[in-house]
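Enquirer: My file is protein_37.pdb. It has PDB, C-alpha atoms:
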MODEL        1
ATOM      1  CA  LEU O 279      -8.758  26.484   6.881  1.00  0.00           C
ATOM      2  CA  ALA O 280      -6.497  29.426   6.068  1.00  0.00           C
ATOM      3  CA  GLN O 281      -8.325  29.750   2.730  1.00  0.00           C
ATOM      4  CA  GLY O 282     -11.752  29.568   4.413  1.00  0.00           C
ATOM      5  CA  VAL O 283     -12.470  26.003   3.317  1.00  0.00           C
ATOM      6  CA  SER O 284     -13.307  23.065   5.580  1.00  0.00           C
ATOM      7  CA  VAL O 285     -13.550  19.410   4.561  1.00  0.00           C
ATOM      8  CA  ALA O 286     -15.501  16.572   6.126  1.00  0.00           C
ATOM      9  CA  ALA O 287     -14.876  13.012   4.970  1.00  0.00           C
ATOM     10  CA  VAL O 288     -17.965  10.877   5.477  1.00  0.00           C
ATOM     11  CA  ASN O 289     -18.041   7.100   5.277  1.00  0.00           C
ATOM     12  CA  TYR O 290     -21.173   5.129   4.529  1.00  0.00           C
ATOM     13  CA  PRO O 291     -22.078   1.479   5.108  1.00  0.00           C
ATOM     14  CA  PHE O 292     -21.587  -1.066   2.364  1.00  0.00           C
ATOM     15  CA  LEU O 293     -24.644  -2.676   0.851  1.00  0.00           C
ATOM     16  CA  GLN O 294     -24.064  -5.986   2.647  1.00  0.00           C
ATOM     17  CA  HIS O 295     -24.159  -4.127   5.987  1.00  0.00           C
ATOM     18  CA  THR O 296     -27.641  -2.756   5.310  1.00  0.00           C
ATOM     19  CA  ASN O 297     -29.428  -5.966   4.265  1.00  0.00           C
ATOM     20  CA  ASN O 298     -29.204  -4.707   0.656  1.00  0.00           C
ATOM     21  CA  ASP O 299     -31.110  -1.528   1.529  1.00  0.00           C
ATOM     22  CA  TYR O 300     -29.908   1.223  -0.822  1.00  0.00           C
ATOM     23  CA  ILE O 301     -32.137   3.798   0.835  1.00  0.00           C
ATOM     24  CA  GLU O 302     -30.478   3.174   4.213  1.00  0.00           C
ATOM     25  CA  ILE O 303     -27.128   4.044   2.644  1.00  0.00           C
ATOM     26  CA  MET O 304     -28.577   7.268   1.228  1.00  0.00           C
ATOM     27  CA  LYS O 305     -30.173   8.192   4.541  1.00  0.00           C
ATOM     28  CA  ASN O 306     -26.829   7.615   6.271  1.00  0.00           C
ATOM     29  CA  GLY O 307     -25.332  10.303   4.030  1.00  0.00           C
ATOM     30  CA  GLU O 308     -28.288  12.568   4.685  1.00  0.00           C
ATOM     31  CA  ARG O 309     -27.769  12.226   8.448  1.00  0.00           C
ATOM     32  CA  ALA O 310     -24.111  13.187   7.992  1.00  0.00           C
ATOM     33  CA  VAL O 311     -25.126  16.402   6.215  1.00  0.00           C
ATOM     34  CA  GLN O 312     -27.714  17.114   8.913  1.00  0.00           C
ATOM     35  CA  PHE O 313     -25.014  16.624  11.546  1.00  0.00           C
ATOM     36  CA  LEU O 314     -22.745  19.131   9.812  1.00  0.00           C
ATOM     37  CA  LYS O 315     -25.601  21.618   9.430  1.00  0.00           C
ATOM     38  CA  GLY O 316     -26.513  21.141  13.090  1.00  0.00           C
ATOM     39  CA  ASN O 317     -22.980  22.104  14.104  1.00  0.00           C
ATOM     40  CA  ALA O 318     -22.547  24.802  11.454  1.00  0.00           C
ATOM     41  CA  ARG O 319     -22.631  27.763  13.806  1.00  0.00           C
ATOM     42  CA  GLU O 320     -20.116  26.255  16.229  1.00  0.00           C
ATOM     43  CA  TRP O 321     -17.798  25.116  13.415  1.00  0.00           C
ATOM     44  CA  ASN O 322     -18.254  28.282  11.325  1.00  0.00           C
ATOM     45  CA  ILE O 323     -19.755  26.480   8.306  1.00  0.00           C
ATOM     46  CA  ASP O 324     -21.769  28.509   5.803  1.00  0.00           C
ATOM     47  CA  VAL O 325     -24.671  26.127   5.090  1.00  0.00           C
ATOM     48  CA  LYS O 326     -25.407  28.000   1.859  1.00  0.00           C
ATOM     49  CA  ARG O 327     -21.974  27.020   0.510  1.00  0.00           C
ATOM     50  CA  VAL O 328     -21.710  23.252   0.958  1.00  0.00           C
ATOM     51  CA  ALA O 329     -20.656  20.777  -1.719  1.00  0.00           C
ATOM     52  CA  ALA O 330     -20.740  16.996  -1.851  1.00  0.00           C
ATOM     53  CA  ALA O 331     -18.479  14.950  -4.100  1.00  0.00           C
ATOM     54  CA  GLY O 332     -17.510  11.356  -4.638  1.00  0.00           C
ATOM     55  CA  SER O 333     -16.730   8.748  -7.215  1.00  0.00           C
ATOM     56  CA  SER O 334     -18.652   5.615  -8.125  1.00  0.00           C
ATOM     57  CA  ALA O 335     -21.182   4.972  -5.337  1.00  0.00           C
ATOM     58  CA  GLY O 336     -20.064   8.181  -3.619  1.00  0.00           C
ATOM     59  CA  ALA O 337     -20.996  10.127  -6.756  1.00  0.00           C
ATOM     60  CA  ILE O 338     -24.497   8.660  -6.730  1.00  0.00           C
ATOM     61  CA  LEU O 339     -24.827   9.466  -3.033  1.00  0.00           C
ATOM     62  CA  SER O 340     -23.596  13.034  -3.646  1.00  0.00           C
ATOM     63  CA  GLU O 341     -26.118  13.526  -6.436  1.00  0.00           C
ATOM     64  CA  TRP O 342     -28.953  12.222  -4.257  1.00  0.00           C
ATOM     65  CA  LEU O 343     -27.885  14.500  -1.368  1.00  0.00           C
ATOM     66  CA  GLY O 344     -27.973  17.500  -3.698  1.00  0.00           C
ATOM     67  CA  GLY O 345     -31.643  16.863  -4.288  1.00  0.00           C
ATOM     68  CA  THR O 346     -32.670  16.136  -0.705  1.00  0.00           C
ATOM     69  CA  CYS O 347     -30.549  18.218   1.671  1.00  0.00           C
ATOM     70  CA  GLN O 348     -31.424  21.768   0.763  1.00  0.00           C
TER      71      GLN O 348
ENDMDL
END
What is this file in structure tokens?

Expert:
Amino acid sequence: LAQGVSVAAVNYPFLQHTNNDYIEIMKNGERAVQFLKGNAREWNIDVKRVAAAGSSAGAILSEWLGGTCQ
């Protein structure tokens, strides 16, 4: 925070918890970003300077979010 950076760690459901629905997993991530954007003013988040990152399935989710949550 002293450097002007905030971090949010977001979990997502495993495939077996969504009846094998990949899109539900992606939409879960999208809702997390919407939640952060909805609280941006209160939490002093610059919505023009948000990044998503992950590895393996988290990387795929991050890539998908980059195309949908603009």

Enquirer: Can you turn the PyMOL selection byres ((chain O and resi 291-302) around 12) into a concrete residue list for this file, as a list in words?

Expert: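 On the file shown, the PyMOL selection byres ((chain O and resi 291-302) around 12) covers Val288, Asn289, Tyr290, Ile303, Met304, Lys305, Asn306, Gly307, Glu308, Arg309, Ala335, Gly336, Ile338, Leu339, Trp342 and Leu343 of chain O.
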
Enquirer: Could you tell me which residues the PyMOL selection byres ((chain O and resi 321-325) around 12) returns for this structure, as a PyMOL selection string?

Expert: chain O and resi 279+282-286+311-320+326-329+347-348

Enquirer: Any chance you could export the current selection's C-alpha atoms as a compact mmCIF listing (two decimals), in the coordinates of the input?

Expert:
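Final output, saved to again19.txt:
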# COMPACT_ATOMS: atom_id res chain seq x y z
CA LEU O 279 -8.76 26.48 6.88
CA GLY O 282 -11.75 29.57 4.41
CA VAL O 283 -12.47 26.00 3.32
CA SER O 284 -13.31 23.06 5.58
CA VAL O 285 -13.55 19.41 4.56
CA ALA O 286 -15.50 16.57 6.13
CA VAL O 311 -25.13 16.40 6.22
CA GLN O 312 -27.71 17.11 8.91
CA PHE O 313 -25.01 16.62 11.55
CA LEU O 314 -22.74 19.13 9.81
CA LYS O 315 -25.60 21.62 9.43
CA GLY O 316 -26.51 21.14 13.09
CA ASN O 317 -22.98 22.10 14.10
CA ALA O 318 -22.55 24.80 11.45
CA ARG O 319 -22.63 27.76 13.81
CA GLU O 320 -20.12 26.26 16.23
CA LYS O 326 -25.41 28.00 1.86
CA ARG O 327 -21.97 27.02 0.51
CA VAL O 328 -21.71 23.25 0.96
CA ALA O 329 -20.66 20.78 -1.72
CA CYS O 347 -30.55 18.22 1.67
CA GLN O 348 -31.42 21.77 0.76

Enquirer: Using the file's own x, y and z axes, so that the box edges lie along x, y and z, what centre and edge lengths in Å (one decimal) does a box around every listed atom of segment 296-311 of chain O get when 6 Å is added on each side? Give it as AutoDock Vina command-line options.

Expert:
--center_x -28.1 --center_y 5.2 --center_z 3.8 --size_x 20.0 --size_y 34.4 --size_z 21.3

Enquirer: Write out as a PyMOL selection string the residues lying within 10 Å of Ala287 of chain O, counting only C-alpha atoms and excluding same-chain residues fewer than 5 positions away.

Expert: chain O and resi 310+330-331

Enquirer: Working from the structure I just supplied, which lacks atoms in segment 316-340 of chain O, can you model N, CA, C and O atoms there and output them as a short mmCIF file (atom, residue, chain, number, x, y, z; two decimals), in the coordinates of the input?

Expert:
data_model
loop_
_atom_site.label_atom_id
_atom_site.label_comp_id
_atom_site.auth_asym_id
_atom_site.auth_seq_id
_atom_site.Cartn_x
_atom_site.Cartn_y
_atom_site.Cartn_z
N GLY O 316 -26.18 20.92 11.69
CA GLY O 316 -26.51 21.14 13.09
C GLY O 316 -25.38 21.76 13.89
O GLY O 316 -25.60 22.40 14.92
N ASN O 317 -24.16 21.56 13.44
CA ASN O 317 -22.98 22.10 14.10
C ASN O 317 -22.38 23.28 13.35
O ASN O 317 -21.28 23.74 13.68
N ALA O 318 -23.08 23.77 12.34
CA ALA O 318 -22.55 24.80 11.45
C ALA O 318 -22.15 26.07 12.20
O ALA O 318 -21.09 26.64 11.93
N ARG O 319 -22.95 26.52 13.09
CA ARG O 319 -22.63 27.76 13.81
C ARG O 319 -21.36 27.59 14.63
O ARG O 319 -20.45 28.42 14.57
N GLU O 320 -21.28 26.51 15.38
CA GLU O 320 -20.12 26.26 16.23
C GLU O 320 -18.84 26.08 15.40
O GLU O 320 -17.76 26.51 15.79
N TRP O 321 -18.96 25.43 14.25
CA TRP O 321 -17.80 25.12 13.42
C TRP O 321 -17.58 26.14 12.29
O TRP O 321 -16.74 25.94 11.43
N ASN O 322 -18.38 27.19 12.30
CA ASN O 322 -18.25 28.28 11.32
C ASN O 322 -18.41 27.77 9.88
O ASN O 322 -17.61 28.09 9.00
N ILE O 323 -19.45 27.00 9.64
CA ILE O 323 -19.76 26.48 8.31
C ILE O 323 -20.89 27.30 7.72
O ILE O 323 -21.92 27.48 8.36
N ASP O 324 -20.72 27.79 6.52
CA ASP O 324 -21.77 28.51 5.80
C ASP O 324 -22.63 27.47 5.10
O ASP O 324 -22.23 26.89 4.09
N VAL O 325 -23.82 27.19 5.63
CA VAL O 325 -24.67 26.13 5.09
C VAL O 325 -25.18 26.43 3.68
O VAL O 325 -25.68 25.53 3.01
N LYS O 326 -25.03 27.65 3.23
CA LYS O 326 -25.41 28.00 1.86
C LYS O 326 -24.30 27.68 0.86
O LYS O 326 -24.48 27.81 -0.33
N ARG O 327 -23.13 27.28 1.38
CA ARG O 327 -21.97 27.02 0.51
C ARG O 327 -21.37 25.67 0.86
O ARG O 327 -20.22 25.56 1.28
N VAL O 328 -22.15 24.61 0.66
CA VAL O 328 -21.71 23.25 0.96
C VAL O 328 -21.73 22.45 -0.33
O VAL O 328 -22.66 22.58 -1.14
N ALA O 329 -20.73 21.64 -0.54
CA ALA O 329 -20.66 20.78 -1.72
C ALA O 329 -20.46 19.34 -1.28
O ALA O 329 -19.87 19.08 -0.24
N ALA O 330 -20.96 18.42 -2.08
CA ALA O 330 -20.74 17.00 -1.85
C ALA O 330 -20.12 16.43 -3.12
O ALA O 330 -20.49 16.81 -4.23
N ALA O 331 -19.15 15.55 -2.94
CA ALA O 331 -18.48 14.95 -4.10
C ALA O 331 -18.09 13.52 -3.78
O ALA O 331 -17.94 13.14 -2.62
N GLY O 332 -17.94 12.74 -4.81
CA GLY O 332 -17.51 11.36 -4.64
C GLY O 332 -17.32 10.71 -5.99
O GLY O 332 -17.58 11.33 -7.03
N SER O 333 -16.85 9.51 -5.97
CA SER O 333 -16.73 8.75 -7.22
C SER O 333 -17.47 7.43 -7.04
O SER O 333 -17.67 6.97 -5.91
N SER O 334 -17.92 6.88 -8.13
CA SER O 334 -18.65 5.62 -8.12
C SER O 334 -19.89 5.74 -7.23
O SER O 334 -20.71 6.63 -7.44
N ALA O 335 -20.01 4.91 -6.21
CA ALA O 335 -21.18 4.97 -5.34
C ALA O 335 -21.25 6.31 -4.61
O ALA O 335 -22.34 6.84 -4.37
N GLY O 336 -20.09 6.87 -4.28
CA GLY O 336 -20.06 8.18 -3.62
C GLY O 336 -20.61 9.28 -4.51
O GLY O 336 -21.22 10.23 -4.03
N ALA O 337 -20.44 9.15 -5.82
CA ALA O 337 -21.00 10.13 -6.76
C ALA O 337 -22.52 10.04 -6.78
O ALA O 337 -23.21 11.07 -6.80
N ILE O 338 -23.04 8.84 -6.76
CA ILE O 338 -24.50 8.66 -6.73
C ILE O 338 -25.06 9.22 -5.43
O ILE O 338 -26.08 9.93 -5.43
N LEU O 339 -24.39 8.94 -4.33
CA LEU O 339 -24.83 9.47 -3.03
C LEU O 339 -24.78 10.99 -3.03
O LEU O 339 -25.71 11.64 -2.56
N SER O 340 -23.72 11.57 -3.58
CA SER O 340 -23.60 13.03 -3.65
C SER O 340 -24.72 13.65 -4.47
O SER O 340 -25.29 14.67 -4.09
#
